[in-house]
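Shown next: run37.txt, given as compact mmCIF, C-alpha atoms.
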# COMPACT_ATOMS: atom_id res chain seq x y z
CA MET X 1 15.02 -12.49 -30.86
CA PRO X 2 11.67 -12.82 -29.16
CA ALA X 3 10.69 -15.98 -31.08
CA LYS X 4 13.70 -17.90 -29.76
CA GLU X 5 13.05 -16.87 -26.17
CA ASN X 6 9.69 -18.56 -26.32
CA LEU X 7 10.93 -21.94 -27.52
CA ARG X 8 10.52 -24.74 -25.04
CA PRO X 9 12.85 -27.64 -24.58
CA GLY X 10 11.30 -30.84 -25.94
CA GLY X 11 11.79 -33.06 -22.87
CA ARG X 12 9.33 -35.18 -20.94
CA SER X 13 7.97 -32.23 -19.07
CA ALA X 14 7.29 -30.45 -22.35
CA ARG X 15 5.51 -33.54 -23.68
CA VAL X 16 3.31 -33.75 -20.57
CA GLN X 17 2.47 -30.10 -20.96
CA ALA X 18 1.64 -30.43 -24.64
CA SER X 19 -0.60 -33.41 -24.04
CA VAL X 20 -2.43 -31.73 -21.14
CA HIS X 21 -2.87 -28.54 -23.15
CA ASN X 22 -4.23 -30.54 -26.09
CA ALA X 23 -6.63 -32.33 -23.78
CA VAL X 24 -7.95 -29.02 -22.43
CA ARG X 25 -8.37 -27.58 -25.91
CA SER X 26 -10.12 -30.65 -27.14
CA LEU X 27 -12.50 -30.82 -24.15
CA LEU X 28 -13.33 -27.13 -24.46
CA LYS X 29 -14.41 -27.73 -28.04
CA THR X 30 -17.19 -30.10 -27.01
CA MET X 31 -17.97 -29.21 -23.38
CA ASP X 32 -19.10 -26.25 -21.41
CA ARG X 33 -16.18 -24.66 -19.57
CA ALA X 34 -17.99 -25.05 -16.23
CA ASP X 35 -18.12 -28.85 -16.70
CA VAL X 36 -14.41 -29.34 -17.39
CA THR X 37 -12.60 -30.90 -14.41
CA ILE X 38 -9.03 -31.97 -13.70
CA PRO X 39 -9.90 -35.72 -13.62
CA LEU X 40 -11.55 -35.38 -17.06
CA ILE X 41 -8.53 -33.56 -18.45
CA ALA X 42 -6.19 -36.16 -16.97
CA ALA X 43 -8.17 -39.02 -18.55
CA GLU X 44 -8.15 -37.28 -21.93
CA ALA X 45 -4.42 -36.51 -21.69
CA GLY X 46 -3.46 -39.97 -20.45
CA VAL X 47 -1.80 -38.70 -17.27
CA THR X 48 -2.78 -39.01 -13.63
CA PRO X 49 -4.75 -36.17 -12.01
CA SER X 50 -1.93 -35.75 -9.51
CA THR X 51 0.45 -34.90 -12.37
CA ILE X 52 -1.84 -32.00 -13.18
CA TYR X 53 -2.34 -30.94 -9.56
CA ARG X 54 1.43 -31.03 -8.99
CA ARG X 55 2.20 -28.94 -12.00
CA TRP X 56 -0.67 -26.44 -12.10
CA GLY X 57 -2.10 -26.49 -8.59
CA GLU X 58 -5.65 -25.90 -9.67
CA LEU X 59 -7.88 -25.88 -12.71
CA GLN X 60 -7.95 -22.10 -13.08
CA GLU X 61 -4.17 -21.93 -13.33
CA LEU X 62 -4.16 -24.65 -16.00
CA LEU X 63 -6.90 -22.86 -17.98
CA ALA X 64 -4.91 -19.62 -17.75
CA ASP X 65 -1.81 -21.45 -18.98
CA VAL X 66 -3.68 -22.87 -21.99
CA ALA X 67 -5.30 -19.50 -22.71
CA VAL X 68 -2.01 -17.63 -22.72
CA GLU X 69 -0.60 -20.07 -25.30
CA ARG X 70 -3.56 -19.31 -27.52
CA LEU X 71 -2.91 -15.58 -27.06
CA ARG X 72 0.71 -15.97 -28.18
CA PRO X 73 0.98 -14.20 -31.53
CA ASP X 74 1.48 -16.63 -34.41
CA MET X 75 2.66 -14.13 -36.98
CA LEU X 76 4.84 -11.05 -37.34
CA PRO X 77 3.06 -7.70 -37.64
CA ILE X 78 2.27 -7.07 -41.32
CA ASP X 79 4.80 -4.83 -43.09
CA THR X 80 2.81 -2.12 -44.87
CA GLY X 81 5.85 0.02 -45.68
CA SER X 82 5.24 2.71 -43.03
CA ALA X 83 5.11 2.97 -39.25
CA ARG X 84 1.62 4.43 -39.29
CA GLY X 85 0.36 1.70 -41.61
CA ASP X 86 2.01 -1.07 -39.59
CA LEU X 87 0.63 0.21 -36.29
CA GLU X 88 -2.85 0.81 -37.74
CA VAL X 89 -3.14 -2.64 -39.29
CA TRP X 90 -1.70 -4.37 -36.24
CA THR X 91 -3.99 -2.45 -33.86
CA GLU X 92 -7.15 -3.15 -35.85
CA GLN X 93 -6.35 -6.86 -36.00
CA TYR X 94 -5.46 -6.95 -32.29
CA CYS X 95 -8.70 -5.22 -31.36
CA GLU X 96 -10.71 -7.59 -33.54
CA GLU X 97 -9.07 -10.69 -32.09
CA MET X 98 -9.27 -9.61 -28.46
CA SER X 99 -12.90 -8.57 -28.71
CA SER X 100 -13.98 -11.81 -30.41
CA GLY X 101 -15.66 -14.49 -28.32
CA ILE X 102 -12.44 -16.52 -28.19
CA GLY X 103 -10.36 -13.48 -27.29
CA ARG X 104 -12.72 -12.59 -24.43
CA ASP X 105 -12.75 -16.19 -23.14
CA MET X 106 -8.96 -16.31 -23.23
CA MET X 107 -8.62 -13.01 -21.37
CA ARG X 108 -11.20 -14.14 -18.84
CA ASP X 109 -9.21 -17.34 -18.18
CA VAL X 110 -5.92 -15.50 -17.92
CA LEU X 111 -7.32 -12.86 -15.54
CA ALA X 112 -9.23 -15.35 -13.38
CA ALA X 113 -6.01 -16.97 -12.14
CA GLN X 114 -4.72 -15.77 -8.76
CA ASP X 115 -1.19 -15.75 -10.09
CA ASN X 116 -0.79 -13.00 -12.68
CA ALA X 117 2.28 -14.53 -14.37
CA ASN X 118 0.19 -15.46 -17.42
CA ALA X 119 -1.33 -11.99 -17.61
CA CYS X 120 2.21 -10.59 -17.60
CA LYS X 121 3.07 -12.98 -20.45
CA CYS X 122 0.20 -11.58 -22.53
CA ASP X 123 1.54 -8.10 -21.92
CA ALA X 124 5.00 -9.26 -22.99
CA PHE X 125 3.66 -10.77 -26.24
CA THR X 126 1.99 -7.48 -27.10
CA ARG X 127 5.09 -5.47 -26.27
CA GLU X 128 7.19 -7.75 -28.50
CA GLN X 129 4.90 -7.10 -31.44
CA ILE X 130 5.05 -3.34 -30.94
CA ALA X 131 8.81 -3.49 -30.51
CA LEU X 132 9.02 -5.23 -33.90
CA ILE X 133 6.98 -2.44 -35.50
CA ALA X 134 9.22 0.15 -33.80
CA GLU X 135 12.38 -1.62 -34.97
CA ARG X 136 11.12 -1.69 -38.53
CA ALA X 137 10.18 2.00 -38.32
CA HIS X 138 13.64 2.92 -37.07
CA ALA X 139 15.27 0.83 -39.79
CA ARG X 140 13.29 2.88 -42.34
CA GLY X 141 14.43 6.10 -40.62
CA GLU X 142 10.93 6.82 -39.30
CA ALA X 143 10.11 8.19 -35.86
CA PHE X 144 8.21 5.95 -33.49
CA PRO X 145 6.95 6.51 -29.94
CA ASP X 146 8.13 4.64 -26.85
CA ILE X 147 6.67 1.16 -26.39
CA ASP X 148 5.19 2.34 -23.07
CA ALA X 149 3.41 5.21 -24.80
CA VAL X 150 1.84 2.77 -27.27
CA MET X 151 0.84 0.42 -24.46
CA ASP X 152 -0.77 3.24 -22.45
CA GLY X 153 -2.19 5.14 -25.41
CA VAL X 154 -3.43 2.37 -27.69
CA VAL X 155 -3.39 -1.09 -26.11
CA ALA X 156 -4.73 -0.14 -22.65
CA PRO X 157 -7.79 1.79 -23.88
CA ILE X 158 -8.70 -1.04 -26.26
CA ILE X 159 -8.44 -3.72 -23.58
CA TYR X 160 -10.18 -1.56 -20.97
CA ARG X 161 -13.12 -0.99 -23.34
CA ILE X 162 -13.36 -4.67 -24.27
CA LEU X 163 -13.34 -5.74 -20.61
CA PHE X 164 -15.49 -3.00 -19.09
CA GLY X 165 -17.68 -1.87 -21.95
CA ASP X 166 -17.78 -2.89 -25.52
CA GLN X 167 -15.59 -3.27 -28.56
CA PRO X 168 -14.18 0.15 -29.49
CA SER X 169 -15.21 1.35 -32.96
CA ILE X 170 -12.69 1.25 -35.77
CA GLU X 171 -12.73 5.08 -35.84
CA ARG X 172 -11.82 5.19 -32.15
CA VAL X 173 -8.99 2.70 -32.71
CA ARG X 174 -7.61 4.83 -35.57
CA ASP X 175 -7.87 7.97 -33.43
CA LEU X 176 -5.85 6.28 -30.68
CA VAL X 177 -3.13 5.40 -33.20
CA THR X 178 -3.14 8.90 -34.67
CA ASP X 179 -2.92 10.46 -31.20
CA VAL X 180 -0.02 8.34 -30.05
CA LEU X 181 1.92 8.94 -33.26
CA ALA X 182 1.24 12.69 -33.14
CA ARG X 183 1.80 13.51 -29.53
CA GLU X 184 4.83 11.53 -28.55
CA PRO X 185 8.25 13.10 -28.53
CA ILE X 186 10.03 11.61 -31.50
CA ARG X 187 12.91 9.45 -30.36
CA GLN X 188 14.89 7.93 -33.11
CA PRO X 189 18.10 6.14 -32.34
CA GLN X 190 20.86 8.48 -33.51
CA PRO X 191 24.14 7.18 -34.89
CA ALA X 192 26.69 7.63 -32.10
CA SER X 193 28.64 10.20 -34.10
CA ALA X 194 25.70 12.40 -35.06
CA PRO X 195 25.69 15.80 -33.35
CA ILE X 196 22.56 16.41 -31.30
CA SER X 197 20.88 19.57 -32.44
CA GLY X 198 18.90 21.60 -29.96
CA MET M 1 -27.78 13.05 -9.50
CA PRO M 2 -25.85 9.81 -9.80
CA ALA M 3 -26.40 8.87 -6.14
CA LYS M 4 -30.18 8.82 -6.54
CA GLU M 5 -30.06 6.67 -9.66
CA ASN M 6 -28.33 3.95 -7.70
CA LEU M 7 -30.84 3.76 -4.88
CA ARG M 8 -32.80 0.52 -4.72
CA PRO M 9 -36.38 0.14 -3.67
CA GLY M 10 -36.63 -1.50 -0.24
CA GLY M 11 -39.05 -4.30 -1.14
CA ARG M 12 -38.83 -8.03 -0.54
CA SER M 13 -36.56 -8.57 -3.51
CA ALA M 14 -34.18 -5.92 -2.15
CA ARG M 15 -34.19 -7.60 1.25
CA VAL M 16 -33.37 -10.98 -0.29
CA GLN M 17 -30.55 -9.40 -2.23
CA ALA M 18 -29.15 -7.62 0.83
CA SER M 19 -29.23 -10.78 2.89
CA VAL M 20 -27.57 -12.87 0.17
CA HIS M 21 -24.91 -10.22 -0.39
CA ASN M 22 -24.24 -10.07 3.36
CA ALA M 23 -23.96 -13.85 3.47
CA VAL M 24 -21.38 -13.82 0.66
CA ARG M 25 -19.34 -11.07 2.30
CA SER M 26 -19.42 -12.81 5.63
CA LEU M 27 -18.40 -16.21 4.18
CA LEU M 28 -15.59 -14.64 2.18
CA LYS M 29 -14.16 -13.21 5.42
CA THR M 30 -13.59 -16.65 6.89
CA MET M 31 -13.38 -19.01 3.93
CA ASP M 32 -11.33 -19.49 0.85
CA ARG M 33 -13.18 -18.25 -2.22
CA ALA M 34 -12.83 -21.64 -3.91
CA ASP M 35 -14.75 -23.30 -1.04
CA VAL M 36 -17.78 -20.99 -1.14
CA THR M 37 -20.83 -22.67 -2.70
CA ILE M 38 -24.42 -21.63 -3.37
CA PRO M 39 -25.88 -24.03 -0.75
CA LEU M 40 -23.52 -22.56 1.88
CA ILE M 41 -24.51 -19.03 0.95
CA ALA M 42 -28.19 -19.95 1.02
CA ALA M 43 -27.86 -21.46 4.50
CA GLU M 44 -26.03 -18.37 5.77
CA ALA M 45 -28.60 -16.03 4.18
CA GLY M 46 -31.62 -18.02 5.35
CA VAL M 47 -32.99 -18.51 1.83
CA THR M 48 -33.31 -21.62 -0.34
CA PRO M 49 -30.58 -22.39 -2.85
CA SER M 50 -33.19 -22.19 -5.61
CA THR M 51 -33.86 -18.54 -4.71
CA ILE M 52 -30.20 -17.87 -5.48
CA TYR M 53 -30.12 -19.99 -8.65
CA ARG M 54 -33.27 -18.27 -9.91
CA ARG M 55 -31.93 -14.80 -9.33
CA TRP M 56 -28.23 -15.13 -10.18
CA GLY M 57 -28.03 -18.27 -12.31
CA GLU M 58 -24.62 -19.31 -11.04
CA LEU M 59 -22.08 -18.59 -8.36
CA GLN M 60 -19.82 -16.50 -10.56
CA GLU M 61 -22.63 -14.09 -11.41
CA LEU M 62 -23.48 -13.68 -7.73
CA LEU M 63 -19.84 -13.07 -6.82
CA ALA M 64 -19.62 -10.46 -9.58
CA ASP M 65 -22.78 -8.81 -8.26
CA VAL M 66 -21.36 -8.62 -4.73
CA ALA M 67 -18.01 -7.39 -6.03
CA VAL M 68 -19.51 -4.56 -8.04
CA GLU M 69 -21.36 -3.30 -4.96
CA ARG M 70 -18.05 -3.16 -3.14
CA LEU M 71 -16.55 -1.24 -6.04
CA ARG M 72 -19.31 1.37 -5.88
CA PRO M 73 -17.67 4.61 -4.70
CA ASP M 74 -18.75 5.57 -1.17
CA MET M 75 -17.59 9.16 -1.24
CA LEU M 76 -17.43 12.17 -3.54
CA PRO M 77 -14.05 13.02 -5.07
CA ILE M 78 -12.15 15.27 -2.66
CA ASP M 79 -12.42 18.97 -3.46
CA THR M 80 -8.87 20.34 -3.47
CA GLY M 81 -9.79 23.68 -5.03
CA SER M 82 -8.45 22.95 -8.52
CA ALA M 83 -9.16 20.55 -11.37
CA ARG M 84 -5.58 19.31 -11.43
CA GLY M 85 -5.58 18.72 -7.68
CA ASP M 86 -8.96 16.98 -7.74
CA LEU M 87 -7.97 14.68 -10.59
CA GLU M 88 -4.56 13.92 -9.10
CA VAL M 89 -5.91 13.05 -5.66
CA TRP M 90 -8.79 11.01 -7.08
CA THR M 91 -6.50 9.12 -9.47
CA GLU M 92 -3.94 8.26 -6.80
CA GLN M 93 -6.65 6.97 -4.49
CA TYR M 94 -8.33 5.02 -7.31
CA CYS M 95 -5.04 3.42 -8.30
CA GLU M 96 -4.27 2.50 -4.69
CA GLU M 97 -7.69 0.95 -4.12
CA MET M 98 -7.83 -0.99 -7.38
CA SER M 99 -4.33 -2.38 -6.98
CA SER M 100 -4.92 -3.50 -3.38
CA GLY M 101 -5.66 -7.17 -2.72
CA ILE M 102 -9.36 -6.41 -2.27
CA GLY M 103 -9.49 -4.29 -5.42
CA ARG M 104 -7.84 -7.07 -7.45
CA ASP M 105 -10.20 -9.72 -6.03
CA MET M 106 -13.21 -7.54 -6.83
CA MET M 107 -12.06 -6.91 -10.40
CA ARG M 108 -11.31 -10.61 -10.84
CA ASP M 109 -14.85 -11.50 -9.72
CA VAL M 110 -16.45 -8.88 -11.92
CA LEU M 111 -14.44 -9.90 -14.99
CA ALA M 112 -14.91 -13.66 -14.44
CA ALA M 113 -18.66 -13.42 -15.07
CA GLN M 114 -19.84 -14.28 -18.60
CA ASP M 115 -22.26 -11.37 -18.52
CA ASN M 116 -20.35 -8.09 -18.57
CA ALA M 117 -23.20 -6.00 -17.12
CA ASN M 118 -21.34 -5.68 -13.82
CA ALA M 119 -18.13 -4.70 -15.56
CA CYS M 120 -20.08 -1.97 -17.36
CA LYS M 121 -21.41 -0.81 -13.97
CA CYS M 122 -17.84 -0.39 -12.69
CA ASP M 123 -17.06 1.69 -15.72
CA ALA M 124 -20.17 3.81 -15.05
CA PHE M 125 -19.15 4.39 -11.41
CA THR M 126 -15.75 5.64 -12.53
CA ARG M 127 -17.24 7.89 -15.20
CA GLU M 128 -19.61 9.41 -12.63
CA GLN M 129 -16.71 10.32 -10.37
CA ILE M 130 -14.80 11.95 -13.20
CA ALA M 131 -17.94 13.77 -14.36
CA LEU M 132 -18.24 15.24 -10.84
CA ILE M 133 -14.65 16.48 -11.00
CA ALA M 134 -15.35 17.96 -14.45
CA GLU M 135 -18.53 19.66 -13.25
CA ARG M 136 -16.70 21.20 -10.34
CA ALA M 137 -13.90 22.38 -12.65
CA HIS M 138 -16.38 24.00 -15.00
CA ALA M 139 -18.17 25.68 -12.08
CA ARG M 140 -14.82 27.20 -11.11
CA GLY M 141 -14.30 28.33 -14.72
CA GLU M 142 -11.49 25.83 -15.26
CA ALA M 143 -10.91 23.82 -18.42
CA PHE M 144 -11.30 20.06 -18.20
CA PRO M 145 -10.88 17.32 -20.80
CA ASP M 146 -13.64 15.04 -22.11
CA ILE M 147 -14.62 12.18 -19.82
CA ASP M 148 -13.62 9.75 -22.60
CA ALA M 149 -10.16 11.29 -22.79
CA VAL M 150 -9.72 10.77 -19.04
CA MET M 151 -10.99 7.20 -19.28
CA ASP M 152 -8.61 6.38 -22.15
CA GLY M 153 -5.68 8.42 -20.92
CA VAL M 154 -5.73 7.82 -17.16
CA VAL M 155 -8.14 5.08 -16.07
CA ALA M 156 -7.42 2.54 -18.83
CA PRO M 157 -3.60 2.56 -18.45
CA ILE M 158 -3.93 2.17 -14.67
CA ILE M 159 -6.34 -0.76 -14.92
CA TYR M 160 -4.38 -2.39 -17.75
CA ARG M 161 -1.18 -2.24 -15.70
CA ILE M 162 -2.87 -3.60 -12.58
CA LEU M 163 -4.40 -6.51 -14.51
CA PHE M 164 -1.53 -7.36 -16.85
CA GLY M 165 1.54 -6.18 -14.99
CA ASP M 166 1.90 -4.43 -11.72
CA GLN M 167 0.74 -1.36 -9.85
CA PRO M 168 1.84 1.73 -11.76
CA SER M 169 4.20 4.00 -9.80
CA ILE M 170 2.89 7.23 -8.35
CA GLU M 171 5.12 9.14 -10.79
CA ARG M 172 3.56 7.32 -13.72
CA VAL M 173 0.07 8.08 -12.40
CA ARG M 174 0.92 11.78 -12.10
CA ASP M 175 2.38 11.80 -15.61
CA LEU M 176 -0.85 10.33 -16.98
CA VAL M 177 -2.85 13.09 -15.27
CA THR M 178 -0.46 15.79 -16.49
CA ASP M 179 -0.61 14.41 -20.05
CA VAL M 180 -4.38 14.30 -20.21
CA LEU M 181 -4.74 17.80 -18.78
CA ALA M 182 -2.08 19.20 -21.12
CA ARG M 183 -2.95 17.60 -24.39
CA GLU M 184 -6.70 17.73 -24.55
CA PRO M 185 -8.47 20.50 -26.40
CA ILE M 186 -9.94 22.73 -23.74
CA ARG M 187 -13.70 22.55 -23.85
CA GLN M 188 -15.49 24.72 -21.40
CA PRO M 189 -19.25 25.14 -21.56
CA GLN M 190 -19.84 28.67 -22.85
CA PRO M 191 -22.77 30.74 -21.63
CA ALA M 192 -25.31 30.72 -24.48
CA SER M 193 -24.93 34.44 -25.05
CA ALA M 194 -21.14 34.56 -25.12
CA PRO M 195 -19.70 35.26 -28.54
CA ILE M 196 -17.41 32.49 -29.74
CA SER M 197 -14.04 33.88 -30.57
CA GLY M 198 -11.93 32.34 -33.26
Translate this structure into structure tokens?
Amino acid sequence: MPAKENLRPGGRSARVQASVHNAVRSLLKTMDRADVTIPLIAAEAGVTPSTIYRRWGELQELLADVAVERLRPDMLPIDTGSARGDLEVWTEQYCEEMSSGIGRDMMRDVLAAQDNANACKCDAFTREQIALIAERAHARGEAFPDIDAVMDGVVAPIIYRILFGDQPSIERVRDLVTDVLAREPIRQPQPASAPISG
Amino acid sequence: MPAKENLRPGGRSARVQASVHNAVRSLLKTMDRADVTIPLIAAEAGVTPSTIYRRWGELQELLADVAVERLRPDMLPIDTGSARGDLEVWTEQYCEEMSSGIGRDMMRDVLAAQDNANACKCDAFTREQIALIAERAHARGEAFPDIDAVMDGVVAPIIYRILFGDQPSIERVRDLVTDVLAREPIRQPQPASAPISG
């Protein structure tokens, strides 16, 4: 249950975090990122700067923390009725979102932090979405590649191209999906009693 | 001749750049990155801060510019006598360098800049190295995949894992190389006069 895992307890600490995150988001709407400072955020959030320093250490870590929350998926992958359809639609949407101005800013913030815990969180969000598509495929009796194969074969090339080049074309994205679905050994969970042919 | 393309003319502008780059590298050896400022760099380089602002706009762009120079390959891929060997050795070394502390810092600086020209340069350096391996393979009469297939199948998964997770294991790196060499359609330049079978 990935959604449950990501719930936060609603205590004081959670309220401080929510209010600081809101302050960052609201400042970023009206100010240039380079002009945002911890004292400004603290004033907007109604906390002391030291609360922020204690919790996040430095501005870049706080920005990464806010960015990763915005990268958290807010919907389940669309169910198109087939594994190929699900993966195609999800991948096209993912590529579009990550290569948008907001997507690039969020990735930049996440990757600029010294600590890569938030970058790992982004990876985990993406894996969860692909695992949901895989689960659905298996429930339909369809084959689906390993999550790692999809990460290496589809997600990594898209992100690499966005970061180091330009947005991959929709044709390229579809080719990546076709390749990963075609080339991977088909591993479908077998009922325990089924004989393994070979 | 990729090496020639990257030569810079030795004029005044080149000397300013070299001295500013040296100043950045020397400050970064003794100071925390967060404490380095444009006035400090200017003092170390013996130029005015406005020279730096005029040329680089802001600190992050200058850091990205210095980082990309450090990411420029300083040697040809090792010739092991076979395409597989060349690609394996190059990939292992690339993965080791990019996942080192210095490699991560350099990538962080390059990716933190708003302008992705330096990120594109990194991509071009990598492509040049792979093109050299491909050229050598073809000269030996060996098959070799498309550069894009190597970028998507080997380079992208390595960089994605370094940025969003951890250093890929040497086994994983070898598997990526094996996969890309095995699955790609073999495209070898044919002499113009050779009949095409099929």
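The nearest approach to chain X among the residues M:Leu27, M:Ile102, M:Ile158, M:Ala134, with only C-alpha atoms taken into account, belongs to M:Ile158.
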Excluding M:Ser19 and its own-chain neighbours fewer than 5 positions away, which residues fall within 10 Å of it when counting only C-alpha atoms? Please give them as a short mmCIF file (atom, residue, chain, number, x, y, z; two decimals) with C-alpha atoms, in the coordinates of the input.
data_model
loop_
_atom_site.label_atom_id
_atom_site.label_comp_id
_atom_site.auth_asym_id
_atom_site.auth_seq_id
_atom_site.Cartn_x
_atom_site.Cartn_y
_atom_site.Cartn_z
CA SER M 13 -36.56 -8.57 -3.51
CA ALA M 14 -34.18 -5.92 -2.15
CA VAL M 24 -21.38 -13.82 0.66
CA ARG M 25 -19.34 -11.07 2.30
CA ILE M 41 -24.51 -19.03 0.95
CA ALA M 42 -28.19 -19.95 1.02
CA GLU M 44 -26.03 -18.37 5.77
CA ALA M 45 -28.60 -16.03 4.18
CA GLY M 46 -31.62 -18.02 5.35
CA VAL M 47 -32.99 -18.51 1.83
#
Show me, as a CSV table (one decimal) with C-alpha atoms, keeping the file's coordinate frame, the residues of chain M whose atoms get within 9 Å of chain X, using all atoms listed in the file for the distance check.
chain,number,residue,atom,x,y,z
M,105,ASP,CA,-10.2,-9.7,-6.0
M,108,ARG,CA,-11.3,-10.6,-10.8
M,109,ASP,CA,-14.8,-11.5,-9.7
M,111,LEU,CA,-14.4,-9.9,-15.0
M,112,ALA,CA,-14.9,-13.7,-14.4
M,113,ALA,CA,-18.7,-13.4,-15.1
M,114,GLN,CA,-19.8,-14.3,-18.6
M,116,ASN,CA,-20.4,-8.1,-18.6
M,117,ALA,CA,-23.2,-6.0,-17.1
M,118,ASN,CA,-21.3,-5.7,-13.8
M,119,ALA,CA,-18.1,-4.7,-15.6
M,120,CYS,CA,-20.1,-2.0,-17.4
M,121,LYS,CA,-21.4,-0.8,-14.0
M,122,CYS,CA,-17.8,-0.4,-12.7
M,123,ASP,CA,-17.1,1.7,-15.7
M,151,MET,CA,-11.0,7.2,-19.3
M,152,ASP,CA,-8.6,6.4,-22.2
M,153,GLY,CA,-5.7,8.4,-20.9
M,154,VAL,CA,-5.7,7.8,-17.2
M,155,VAL,CA,-8.1,5.1,-16.1
M,156,ALA,CA,-7.4,2.5,-18.8
M,157,PRO,CA,-3.6,2.6,-18.4
M,158,ILE,CA,-3.9,2.2,-14.7
M,159,ILE,CA,-6.3,-0.8,-14.9
M,160,TYR,CA,-4.4,-2.4,-17.8
M,161,ARG,CA,-1.2,-2.2,-15.7
M,163,LEU,CA,-4.4,-6.5,-14.5
M,164,PHE,CA,-1.5,-7.4,-16.8
M,165,GLY,CA,1.5,-6.2,-15.0
M,166,ASP,CA,1.9,-4.4,-11.7
M,176,LEU,CA,-0.8,10.3,-17.0
M,183,ARG,CA,-3.0,17.6,-24.4
Contacts of stretch 136-138 of chain M at 9 Å (only C-alpha atoms; same-chain gap of 5+ positions) as a ChimeraX atom specification: /M:79,81-84,86,131,143-144,188-189
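Relative to atom CA of M:Ala34, atom CA of X:Ile38 is found at 14.7 Å.
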Expected answer as a ChimeraX atom specification: all residues with atoms within 12 Å of (-1.6, 16.4, -5.8), only C-alpha atoms: /M:78-93,170-171,173-175,177-178
Two-atom distance - atom CA of M:Val20, atom CA of M:Ala43 (Å):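 Rounded to one decimal, the two atoms are 9.6 Å apart.
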Pairwise distance for atom CA of X:Leu181 and atom CA of X:Glu142, rounded to one decimal in Å: 11.1 Å
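Shortest separation to X:Asp65 among X:Tyr94, X:Thr51, X:Gly103, X:Asp115 occurs at residue X:Asp115, atoms counted being all atoms listed in the file.
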Using 4 Å of padding on each side, determine the axis-aligned box around all atoms of stretch 159-167 of chain M present in the file and give its centre and edge lengths in Å to one decimal, as lines of an AutoDock Vina configuration file.
center_x = -2.2
center_y = -4.1
center_z = -13.8
size_x = 16.2
size_y = 14.6
size_z = 15.9
Can you pull out the residues contacting M:Met75? Cut-off 12 Å, using all atoms listed in the file, and skip same-chain residues under 6 positions away; I want them as a tab-separated table (two decimals) with C-alpha atoms, keeping the file's coordinate frame.
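Writing done, so here's out.tsv:
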chain	number	residue	atom	x	y	z
M	2	PRO	CA	-25.85	9.81	-9.80
M	3	ALA	CA	-26.40	8.87	-6.14
M	90	TRP	CA	-8.79	11.01	-7.08
M	93	GLN	CA	-6.65	6.97	-4.49
M	94	TYR	CA	-8.33	5.02	-7.31
M	125	PHE	CA	-19.15	4.39	-11.41
M	126	THR	CA	-15.75	5.64	-12.53
M	128	GLU	CA	-19.61	9.41	-12.63
M	129	GLN	CA	-16.71	10.32	-10.37
M	132	LEU	CA	-18.24	15.24	-10.84
